[in-house]
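Text of coords.txt (compact mmCIF, C-alpha atoms) as supplied:
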# COMPACT_ATOMS: atom_id res chain seq x y z
CA MET J 1 -94.77 -55.96 1.36
CA ALA J 2 -95.61 -54.64 4.82
CA LEU J 3 -99.27 -55.50 4.27
CA PHE J 4 -98.28 -58.99 3.16
CA ILE J 5 -96.19 -59.53 6.31
CA VAL J 6 -98.97 -58.29 8.60
CA ARG J 7 -101.53 -60.50 6.85
CA ARG J 8 -99.27 -63.53 7.13
CA LEU J 9 -98.60 -62.85 10.83
CA PHE J 10 -102.34 -62.70 11.52
CA GLY J 11 -102.72 -65.90 9.52
CA LEU J 12 -100.38 -67.65 11.96
CA ILE J 13 -102.89 -67.34 14.79
CA PRO J 14 -105.46 -69.95 13.65
CA VAL J 15 -102.65 -72.30 12.58
CA LEU J 16 -101.00 -72.10 16.00
CA LEU J 17 -104.37 -72.62 17.73
CA GLY J 18 -104.84 -75.74 15.63
CA VAL J 19 -101.37 -76.92 16.58
CA LEU J 20 -102.22 -76.34 20.25
CA ALA J 21 -105.36 -78.46 19.93
CA VAL J 22 -103.54 -81.31 18.18
CA ALA J 23 -100.62 -81.24 20.63
CA PHE J 24 -102.98 -81.24 23.61
CA ALA J 25 -104.99 -84.14 22.19
CA VAL J 26 -101.89 -86.19 21.34
CA THR J 27 -100.41 -85.83 24.81
CA ARG J 28 -103.66 -86.88 26.44
CA LEU J 29 -103.96 -89.93 24.16
CA THR J 30 -100.39 -91.05 24.91
CA PRO J 31 -100.30 -94.19 27.10
CA GLY J 32 -98.98 -93.61 30.60
CA ASP J 33 -100.05 -91.48 33.55
CA PRO J 34 -97.69 -88.65 34.52
CA ALA J 35 -98.90 -88.89 38.12
CA GLU J 36 -97.92 -92.56 38.34
CA ILE J 37 -94.51 -91.81 36.82
CA MET J 38 -93.89 -88.98 39.27
CA GLY J 39 -95.16 -91.02 42.23
CA GLY J 40 -93.00 -94.04 41.50
CA LEU J 41 -93.69 -97.73 41.88
CA GLU J 42 -94.43 -97.58 45.61
CA ALA J 43 -96.88 -94.67 45.49
CA THR J 44 -100.32 -95.36 46.98
CA PRO J 45 -103.55 -94.47 45.16
CA GLU J 46 -104.03 -91.55 47.55
CA VAL J 47 -100.59 -90.14 46.69
CA ILE J 48 -101.24 -90.53 42.97
CA ALA J 49 -104.61 -88.80 43.33
CA ALA J 50 -102.95 -85.91 45.16
CA ILE J 51 -100.33 -85.60 42.42
CA ARG J 52 -103.04 -85.55 39.76
CA ILE J 53 -104.82 -82.73 41.60
CA ASP J 54 -101.55 -80.80 41.89
CA MET J 55 -100.90 -81.22 38.15
CA GLY J 56 -104.45 -80.24 37.25
CA LEU J 57 -105.13 -83.62 35.64
CA ASP J 58 -108.20 -84.31 37.78
CA ARG J 59 -110.37 -81.95 35.73
CA PRO J 60 -112.23 -82.91 32.52
CA VAL J 61 -110.03 -82.75 29.42
CA PRO J 62 -112.05 -79.94 27.71
CA VAL J 63 -111.68 -77.82 30.85
CA GLN J 64 -107.94 -78.54 30.94
CA PHE J 65 -107.66 -77.44 27.32
CA LEU J 66 -109.54 -74.17 27.83
CA ILE J 67 -107.41 -73.34 30.86
CA TYR J 68 -104.25 -74.16 28.92
CA VAL J 69 -105.22 -72.00 25.91
CA GLY J 70 -106.05 -69.11 28.23
CA ASN J 71 -102.66 -69.38 29.89
CA VAL J 72 -100.86 -69.58 26.53
CA LEU J 73 -102.59 -66.41 25.33
CA GLN J 74 -101.12 -64.71 28.40
CA GLY J 75 -97.64 -66.01 27.60
CA ASP J 76 -97.71 -68.79 30.21
CA LEU J 77 -96.84 -72.22 28.77
CA GLY J 78 -97.13 -73.88 32.17
CA ARG J 79 -94.62 -75.62 34.38
CA SER J 80 -92.79 -78.86 33.73
CA PHE J 81 -94.20 -81.94 35.46
CA TYR J 82 -90.67 -83.24 35.79
CA ASN J 83 -88.85 -80.44 37.62
CA GLY J 84 -91.45 -77.74 38.18
CA ARG J 85 -89.59 -75.15 36.07
CA GLU J 86 -91.37 -72.84 33.66
CA VAL J 87 -91.64 -74.41 30.21
CA LEU J 88 -90.79 -71.16 28.43
CA GLY J 89 -87.58 -70.73 30.43
CA VAL J 90 -86.41 -74.28 29.72
CA MET J 91 -87.11 -73.89 25.99
CA LEU J 92 -85.26 -70.58 25.83
CA GLU J 93 -82.23 -72.31 27.37
CA ALA J 94 -82.25 -75.10 24.76
CA LEU J 95 -83.12 -72.94 21.72
CA PRO J 96 -79.74 -71.12 21.39
CA ARG J 97 -77.89 -74.45 21.39
CA THR J 98 -80.10 -75.79 18.63
CA ALA J 99 -79.78 -72.50 16.72
CA TRP J 100 -75.97 -72.77 16.89
CA LEU J 101 -76.14 -76.37 15.68
CA ALA J 102 -78.53 -75.39 12.87
CA ALA J 103 -76.19 -72.58 11.79
CA VAL J 104 -73.28 -75.01 11.45
CA ALA J 105 -75.42 -77.52 9.55
CA LEU J 106 -76.82 -74.80 7.25
CA ALA J 107 -73.35 -73.43 6.52
CA PHE J 108 -72.23 -76.94 5.59
CA THR J 109 -75.35 -77.44 3.48
CA LEU J 110 -75.07 -74.25 1.45
CA GLY J 111 -71.28 -74.03 1.40
CA LEU J 112 -70.96 -77.51 -0.09
CA GLY J 113 -74.28 -78.25 -1.76
CA ILE J 114 -74.62 -75.17 -3.97
CA PRO J 115 -71.06 -75.12 -5.38
CA LEU J 116 -71.16 -78.86 -6.02
CA GLY J 117 -74.51 -78.55 -7.80
CA ILE J 118 -73.28 -75.69 -9.99
CA VAL J 119 -70.02 -77.41 -10.93
CA SER J 120 -71.89 -80.66 -11.58
CA ALA J 121 -74.24 -78.89 -13.99
CA LEU J 122 -71.46 -77.00 -15.77
CA ARG J 123 -69.36 -80.17 -16.13
CA LYS J 124 -72.20 -82.47 -17.07
CA ASP J 125 -71.30 -86.15 -17.64
CA SER J 126 -67.69 -85.60 -16.55
CA TRP J 127 -65.97 -87.27 -13.61
CA VAL J 128 -66.73 -84.16 -11.54
CA ASP J 129 -70.42 -84.59 -12.28
CA PHE J 130 -70.23 -88.27 -11.36
CA ALA J 131 -68.48 -87.48 -8.07
CA ALA J 132 -71.00 -84.76 -7.19
CA ARG J 133 -73.96 -87.01 -7.97
CA SER J 134 -72.42 -89.81 -5.93
CA PHE J 135 -71.99 -87.48 -2.97
CA ALA J 136 -75.59 -86.30 -3.32
CA LEU J 137 -76.83 -89.89 -3.42
CA VAL J 138 -74.89 -90.83 -0.30
CA GLY J 139 -76.03 -87.69 1.50
CA VAL J 140 -79.71 -88.20 0.72
CA SER J 141 -79.62 -91.95 1.45
CA ALA J 142 -77.65 -91.98 4.70
CA PRO J 143 -79.78 -91.19 7.78
CA PRO J 144 -78.29 -88.43 9.98
CA PHE J 145 -78.14 -90.68 13.05
CA PHE J 146 -76.14 -93.29 11.10
CA VAL J 147 -73.74 -90.62 9.83
CA GLY J 148 -73.46 -89.39 13.41
CA LEU J 149 -72.48 -92.82 14.69
CA LEU J 150 -69.83 -93.15 11.97
CA ALA J 151 -68.53 -89.66 12.78
CA ILE J 152 -68.25 -90.55 16.47
CA LEU J 153 -66.40 -93.77 15.61
CA LEU J 154 -63.93 -92.02 13.29
CA PHE J 155 -63.39 -88.54 14.69
CA SER J 156 -63.96 -89.20 18.40
CA SER J 157 -62.79 -92.76 19.00
CA TYR J 158 -59.97 -93.14 16.47
CA VAL J 159 -58.40 -89.74 15.76
CA ARG J 160 -59.92 -87.97 18.82
CA TRP J 161 -60.35 -84.61 17.10
CA PHE J 162 -63.80 -83.76 18.45
CA PRO J 163 -65.86 -84.73 21.52
CA SER J 164 -68.67 -87.20 20.98
CA TYR J 165 -71.29 -85.72 23.31
CA GLY J 166 -72.37 -82.64 25.23
CA SER J 167 -72.04 -78.93 24.48
CA GLY J 168 -70.04 -75.94 25.61
CA THR J 169 -67.47 -75.18 22.91
CA TRP J 170 -67.42 -74.92 19.12
CA ARG J 171 -65.85 -78.39 18.97
CA HIS J 172 -69.05 -79.93 20.35
CA VAL J 173 -71.16 -78.78 17.39
CA VAL J 174 -68.83 -79.85 14.57
CA LEU J 175 -69.77 -83.54 14.40
CA PRO J 176 -73.55 -83.16 14.95
CA GLY J 177 -73.55 -80.19 12.54
CA LEU J 178 -71.83 -82.21 9.81
CA ALA J 179 -74.06 -85.23 10.41
CA LEU J 180 -77.14 -83.04 10.27
CA GLY J 181 -75.99 -81.06 7.25
CA LEU J 182 -74.88 -83.97 5.06
CA SER J 183 -78.40 -85.03 4.12
CA SER J 184 -79.43 -81.44 3.38
CA ALA J 185 -76.25 -80.87 1.38
CA GLY J 186 -77.00 -83.88 -0.80
CA LEU J 187 -80.53 -82.64 -1.42
CA VAL J 188 -79.36 -79.11 -2.26
CA THR J 189 -76.68 -80.51 -4.60
CA ARG J 190 -79.21 -82.51 -6.60
CA LEU J 191 -81.72 -79.66 -6.76
CA THR J 192 -79.08 -77.09 -7.75
CA ARG J 193 -77.77 -79.33 -10.51
CA SER J 194 -81.27 -79.96 -11.86
CA ALA J 195 -82.24 -76.27 -11.75
CA MET J 196 -79.00 -75.15 -13.38
CA LEU J 197 -79.28 -77.70 -16.20
CA GLU J 198 -82.80 -76.50 -16.93
CA VAL J 199 -81.80 -72.83 -16.97
CA LEU J 200 -78.64 -73.34 -19.04
CA ASN J 201 -80.78 -74.53 -21.96
CA GLU J 202 -82.92 -71.37 -22.02
CA ASN J 203 -82.75 -68.93 -24.94
CA TYR J 204 -81.64 -65.96 -22.86
CA ILE J 205 -78.53 -67.92 -21.78
CA ARG J 206 -77.66 -68.54 -25.43
CA THR J 207 -78.23 -64.84 -26.10
CA ALA J 208 -75.92 -63.86 -23.23
CA ARG J 209 -73.22 -66.12 -24.61
CA ALA J 210 -73.72 -64.77 -28.12
CA LYS J 211 -73.28 -61.22 -26.81
CA GLY J 212 -69.80 -62.19 -25.65
CA LEU J 213 -70.37 -62.00 -21.92
CA ARG J 214 -67.83 -63.71 -19.72
CA ARG J 215 -68.57 -67.29 -18.72
CA ARG J 216 -68.56 -66.34 -15.05
CA THR J 217 -71.19 -63.65 -15.67
CA VAL J 218 -73.36 -65.98 -17.71
CA HIS J 219 -73.18 -68.81 -15.20
CA TYR J 220 -73.33 -67.03 -11.86
CA VAL J 221 -75.34 -63.89 -12.66
CA HIS J 222 -77.80 -64.91 -15.35
CA ALA J 223 -78.11 -68.67 -14.88
CA PHE J 224 -77.75 -69.17 -11.12
CA ARG J 225 -80.00 -66.27 -10.15
CA ASN J 226 -82.85 -67.68 -12.21
CA ALA J 227 -82.21 -71.16 -10.83
CA ALA J 228 -82.21 -69.95 -7.22
CA ILE J 229 -85.99 -70.03 -6.58
CA PRO J 230 -86.27 -73.82 -6.02
CA ILE J 231 -83.00 -73.72 -4.05
CA VAL J 232 -84.41 -71.06 -1.72
CA THR J 233 -87.60 -73.09 -1.33
CA ILE J 234 -85.84 -76.27 -0.24
CA THR J 235 -83.42 -74.29 1.94
CA GLY J 236 -86.35 -72.69 3.76
CA LEU J 237 -87.85 -76.08 4.46
CA GLN J 238 -84.49 -77.44 5.60
CA LEU J 239 -83.96 -74.38 7.81
CA GLY J 240 -87.21 -75.08 9.63
CA SER J 241 -86.17 -78.68 10.14
CA LEU J 242 -82.72 -77.71 11.41
CA LEU J 243 -83.96 -75.02 13.78
CA SER J 244 -86.66 -77.24 15.22
CA GLY J 245 -83.93 -79.64 16.32
CA ALA J 246 -82.93 -82.91 14.71
CA VAL J 247 -84.30 -85.31 17.30
CA LEU J 248 -82.18 -88.35 16.47
CA THR J 249 -78.99 -86.37 15.84
CA GLU J 250 -79.19 -84.53 19.16
CA THR J 251 -80.01 -87.80 20.91
CA VAL J 252 -77.03 -89.62 19.37
CA PHE J 253 -74.63 -86.86 20.40
CA ALA J 254 -76.35 -86.20 23.76
CA TYR J 255 -76.62 -82.59 22.63
CA PRO J 256 -78.89 -80.56 24.97
CA GLY J 257 -81.04 -78.91 22.33
CA ILE J 258 -84.73 -78.81 21.51
CA GLY J 259 -84.79 -82.25 19.87
CA ARG J 260 -83.26 -84.08 22.83
CA LEU J 261 -85.48 -82.14 25.22
CA LEU J 262 -88.54 -83.27 23.26
CA VAL J 263 -87.51 -86.94 23.39
CA ARG J 264 -86.85 -86.77 27.13
CA SER J 265 -90.14 -84.99 27.78
CA ILE J 266 -92.08 -87.62 25.83
CA PHE J 267 -90.58 -90.46 27.87
CA GLU J 268 -91.28 -88.57 31.09
CA ARG J 269 -94.89 -87.83 30.03
CA ASP J 270 -94.14 -84.15 30.67
CA PHE J 271 -97.28 -82.84 28.95
CA PRO J 272 -96.66 -79.06 29.32
CA MET J 273 -93.11 -79.39 27.97
CA VAL J 274 -94.17 -81.52 24.99
CA GLN J 275 -97.00 -79.13 24.15
CA GLY J 276 -94.72 -76.11 24.40
CA LEU J 277 -92.04 -77.70 22.21
CA ILE J 278 -94.56 -78.70 19.54
CA LEU J 279 -95.87 -75.14 19.52
CA LEU J 280 -92.32 -73.79 19.18
CA ILE J 281 -91.48 -76.17 16.33
CA ALA J 282 -94.65 -75.16 14.46
CA LEU J 283 -93.80 -71.48 14.95
CA ILE J 284 -90.28 -72.04 13.61
CA TYR J 285 -91.61 -73.70 10.46
CA LEU J 286 -94.13 -70.93 9.87
CA VAL J 287 -91.53 -68.18 10.30
CA ALA J 288 -89.09 -70.05 8.02
CA ASN J 289 -91.78 -70.24 5.32
CA LEU J 290 -92.48 -66.52 5.71
CA LEU J 291 -88.78 -65.66 5.33
CA THR J 292 -88.63 -67.89 2.24
CA ASP J 293 -91.50 -65.99 0.62
CA LEU J 294 -89.75 -62.68 1.35
CA LEU J 295 -86.52 -63.94 -0.22
CA TYR J 296 -88.38 -64.68 -3.46
CA THR J 297 -88.83 -60.97 -4.14
CA ALA J 298 -85.16 -60.25 -3.49
CA ILE J 299 -84.10 -62.92 -6.01
CA ASP J 300 -86.72 -62.31 -8.69
CA PRO J 301 -88.29 -58.80 -8.87
CA ARG J 302 -91.05 -60.18 -11.10
CA ILE J 303 -92.56 -61.94 -8.07
CA LYS J 304 -95.03 -59.72 -6.25
CA LEU J 305 -96.24 -60.49 -2.73
CA ARG J 306 -99.86 -59.64 -2.13
Here is a file; write its structure as structure tokens.
Amino acid sequence: MALFIVRRLFGLIPVLLGVLAVAFAVTRLTPGDPAEIMGGLEATPEVIAAIRIDMGLDRPVPVQFLIYVGNVLQGDLGRSFYNGREVLGVMLEALPRTAWLAAVALAFTLGLGIPLGIVSALRKDSWVDFAARSFALVGVSAPPFFVGLLAILLFSSYVRWFPSYGSGTWRHVVLPGLALGLSSAGLVTRLTRSAMLEVLNENYIRTARAKGLRRRTVHYVHAFRNAAIPIVTITGLQLGSLLSGAVLTETVFAYPGIGRLLVRSIFERDFPMVQGLILLIALIYLVANLLTDLLYTAIDPRIKLR
């Protein structure tokens, strides 16, 4: 397994370099000049030219890219065009907030989605199954930003249980966490139900029942463990999405995480910040996929990582 991890970590390098190239190209192709935005409407051409020189935008694009890659390899992601702060420092301030939000959303996703999917499969075609499938349909169909707006209207405006924006306490992450986790919970519910129904029809489940094992043992030890592989796969993908910051959800709740920082940086044409955030999001997805592969072996010993 150690060799597999090392090989995968080395495999991240060309992927991240490709992400750097794409992010750099996208920012340069985006309409709008950062120097003009920083200079304002009354800035003269001389002032704008001086700002471009200060930002390093006066050099040819290939030269800018080579300089940027060299700085990244040294751990320097540059400085923000907007406030002059180091990009890495700003991202490290926003990352814990997004991680806390992702933890709440993931807890809601797994704590509700998996039990509902199991019960739905065990009580197939009953009213419980109908209710679980209805919840899954609503969760998958409703966009997180729409759920967030409804949550603000109900829990912030009417009953006033939770704040509708900002961060600072655990109360600030409840509504965005629920809005973000509802869609994932619906997806996990449907996938768990489907996987459990497929496994429950296998011969070894009939054999376990014929041997007189308890229903709980048959369902949660034999059946669920063999149905867990697709659940782990989708959870890994959802974890990468949650940790990279739900852009619309954080924007709706004015939550100062990675997603809101990315939106603000795009509008401000803050190229170094956008490039750094895209690199961070790609790294989060790659690490989440690696952790998912490692979990496969813990769930099913027959899977060998090479």
Mind running stretch 67-162 of chain J against stretch 222-246 of chain J at 7 Å and telling me each contacting residue's nearest atom pair with the distance in Å (one decimal), counting all atoms listed in the file, chain and number ascending, as a Markdown table?
| residue | atom | partner | partner_atom | distance |
| --- | --- | --- | --- | --- |
| J:Thr98 | CA | J:Gly245 | CA | 5.9 |
| J:Ala99 | CA | J:Leu243 | CA | 5.7 |
| J:Ala102 | CA | J:Leu242 | CA | 5.0 |
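In this model, the gap between atom CA of J:Phe81 and atom CA of J:Ala23 comes to 16.2 Å.
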Given 3 Å of margin on each side, can you work out the centre and size in Å (one decimal) of an axis-aligned box holding every listed atom of stretch 263-280 of chain J, as AutoDock Vina command-line options?
--center_x -92.1 --center_y -82.1 --center_z 25.1 --size_x 16.4 --size_y 22.7 --size_z 17.9
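For the pair atom CA of J:Ala25 and atom CA of J:Leu277, the interatomic distance is 14.5 Å.
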* **Selection: 12 Å around J:Gly84, all atoms listed in the file, excl. self and same-chain fewer than 3 positions, as a PyMOL selection string** => chain J and resi 38+54-55+78-81+87-90+270+272-273
* Residue contacts of stretch 155-170 of chain J (12 Å, all atoms listed in the file) excluding same-chain residues fewer than 2 positions away, as a ChimeraX atom specification -> /J:94,96-98,100-101,103-104,147-153,172-179,249-257,260
* Structure fact -> Computed gap from atom CA of J:Pro45 to atom CA of J:Leu77 is 28.4 Å
If I put a ball of radius 7 Å at (-73.1, -74.4, -15.0) in the file's coordinates, which residues poke into it when counting all atoms listed in the file, written as a PDB file with C-alpha atoms, in the frame of the given file?
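part_15.pdb was written with the following content:
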ATOM      1  CA  ILE J 118     -73.280 -75.690  -9.990  1.00  0.00           C
ATOM      2  CA  VAL J 119     -70.020 -77.410 -10.930  1.00  0.00           C
ATOM      3  CA  ALA J 121     -74.240 -78.890 -13.990  1.00  0.00           C
ATOM      4  CA  LEU J 122     -71.460 -77.000 -15.770  1.00  0.00           C
ATOM      5  CA  ARG J 123     -69.360 -80.170 -16.130  1.00  0.00           C
ATOM      6  CA  MET J 196     -79.000 -75.150 -13.380  1.00  0.00           C
ATOM      7  CA  LEU J 200     -78.640 -73.340 -19.040  1.00  0.00           C
ATOM      8  CA  HIS J 219     -73.180 -68.810 -15.200  1.00  0.00           C
TER       9      HIS J 219
END
* Quick one: of J:Val69, J:Ala49, J:Thr189, J:Met91, who's nearest to J:Leu112, counting all atoms listed in the file? -> J:Thr189
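Distances from J:Leu182, J:Val199, J:Ala210, J:Val263 to J:Ala142 were compared using only C-alpha atoms, and the smallest one belongs to J:Leu182.
Among the candidates J:Ala136, J:Leu12, J:Arg7, J:Ala185, the one nearest to J:Leu286 when counting all atoms listed in the file is J:Leu12.
Each of J:Phe130, J:Phe108, J:Phe10, J:Tyr204 was compared to J:Ser183 using all atoms listed in the file, and J:Phe108 turns out to be the nearest.
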* To do: Do a neighbour search on J:Ala131 at 10 Å with all atoms listed in the file, toss out local chain neighbours closer than 6 positions, and write the hits as a list of chain:residue names.
  => J:Leu116, J:Ser120, J:Leu137
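If only C-alpha atoms are the atoms counted, then among J:Val138, J:Leu73, J:Tyr82, J:Val15 the closest residue to J:Glu268 is J:Tyr82.
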* Long-range neighbours of J:Arg28 as a ChimeraX atom specification, 10 Å cut-off, all atoms listed in the file, 5 positions minimum in chain -> /J:22-23,33,57,61,269,271
Could you add whatever atoms are missing so that stretch 9-32 of chain J carries N, CA and C atoms, then write the result as a JSON list (two decimals), in the frame of the given file?
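New file out-v8.json:
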[["chain", "number", "residue", "atom", "x", "y", "z"],
["J", 9, "LEU", "N", -98.74, -62.71, 9.37],
["J", 9, "LEU", "CA", -98.60, -62.85, 10.83],
["J", 9, "LEU", "C", -99.96, -63.11, 11.47],
["J", 10, "PHE", "N", -101.00, -62.42, 11.00],
["J", 10, "PHE", "CA", -102.34, -62.70, 11.52],
["J", 10, "PHE", "C", -102.80, -64.09, 11.12],
["J", 11, "GLY", "N", -102.35, -64.56, 9.96],
["J", 11, "GLY", "CA", -102.72, -65.90, 9.52],
["J", 11, "GLY", "C", -102.08, -67.00, 10.35],
["J", 12, "LEU", "N", -101.02, -66.66, 11.10],
["J", 12, "LEU", "CA", -100.38, -67.65, 11.96],
["J", 12, "LEU", "C", -101.24, -68.03, 13.15],
["J", 13, "ILE", "N", -102.12, -67.12, 13.56],
["J", 13, "ILE", "CA", -102.89, -67.34, 14.79],
["J", 13, "ILE", "C", -103.77, -68.58, 14.71],
["J", 14, "PRO", "N", -104.65, -68.73, 13.69],
["J", 14, "PRO", "CA", -105.46, -69.95, 13.65],
["J", 14, "PRO", "C", -104.63, -71.22, 13.48],
["J", 15, "VAL", "N", -103.51, -71.12, 12.75],
["J", 15, "VAL", "CA", -102.65, -72.30, 12.58],
["J", 15, "VAL", "C", -102.08, -72.73, 13.93],
["J", 16, "LEU", "N", -101.58, -71.78, 14.71],
["J", 16, "LEU", "CA", -101.00, -72.10, 16.00],
["J", 16, "LEU", "C", -102.06, -72.62, 16.97],
["J", 17, "LEU", "N", -103.29, -72.10, 16.89],
["J", 17, "LEU", "CA", -104.37, -72.62, 17.73],
["J", 17, "LEU", "C", -104.68, -74.08, 17.36],
["J", 18, "GLY", "N", -104.65, -74.36, 16.05],
["J", 18, "GLY", "CA", -104.84, -75.74, 15.63],
["J", 18, "GLY", "C", -103.73, -76.65, 16.11],
["J", 19, "VAL", "N", -102.50, -76.15, 16.07],
["J", 19, "VAL", "CA", -101.37, -76.92, 16.58],
["J", 19, "VAL", "C", -101.53, -77.18, 18.07],
["J", 20, "LEU", "N", -101.98, -76.16, 18.81],
["J", 20, "LEU", "CA", -102.22, -76.34, 20.25],
["J", 20, "LEU", "C", -103.23, -77.44, 20.51],
["J", 21, "ALA", "N", -104.32, -77.44, 19.73],
["J", 21, "ALA", "CA", -105.36, -78.46, 19.93],
["J", 21, "ALA", "C", -104.82, -79.86, 19.64],
["J", 22, "VAL", "N", -104.08, -79.99, 18.53],
["J", 22, "VAL", "CA", -103.54, -81.31, 18.18],
["J", 22, "VAL", "C", -102.52, -81.78, 19.21],
["J", 23, "ALA", "N", -101.63, -80.87, 19.64],
["J", 23, "ALA", "CA", -100.62, -81.24, 20.63],
["J", 23, "ALA", "C", -101.27, -81.64, 21.94],
["J", 24, "PHE", "N", -102.28, -80.91, 22.35],
["J", 24, "PHE", "CA", -102.98, -81.24, 23.61],
["J", 24, "PHE", "C", -103.66, -82.60, 23.51],
["J", 25, "ALA", "N", -104.30, -82.86, 22.36],
["J", 25, "ALA", "CA", -104.99, -84.14, 22.19],
["J", 25, "ALA", "C", -104.00, -85.30, 22.15],
["J", 26, "VAL", "N", -102.86, -85.11, 21.46],
["J", 26, "VAL", "CA", -101.89, -86.19, 21.34],
["J", 26, "VAL", "C", -101.30, -86.55, 22.70],
["J", 27, "THR", "N", -100.98, -85.54, 23.50],
["J", 27, "THR", "CA", -100.41, -85.83, 24.81],
["J", 27, "THR", "C", -101.40, -86.56, 25.70],
["J", 28, "ARG", "N", -102.66, -86.22, 25.59],
["J", 28, "ARG", "CA", -103.66, -86.88, 26.44],
["J", 28, "ARG", "C", -103.96, -88.29, 25.98],
["J", 29, "LEU", "N", -103.74, -88.58, 24.69],
["J", 29, "LEU", "CA", -103.96, -89.93, 24.16],
["J", 29, "LEU", "C", -102.74, -90.82, 24.33],
["J", 30, "THR", "N", -101.61, -90.26, 24.73],
["J", 30, "THR", "CA", -100.39, -91.05, 24.91],
["J", 30, "THR", "C", -100.54, -91.99, 26.10],
["J", 31, "PRO", "N", -100.21, -93.27, 25.95],
["J", 31, "PRO", "CA", -100.30, -94.19, 27.10],
["J", 31, "PRO", "C", -99.37, -93.76, 28.22],
["J", 32, "GLY", "N", -99.80, -93.97, 29.44],
["J", 32, "GLY", "CA", -98.98, -93.61, 30.60],
["J", 32, "GLY", "C", -99.55, -92.44, 31.36]]
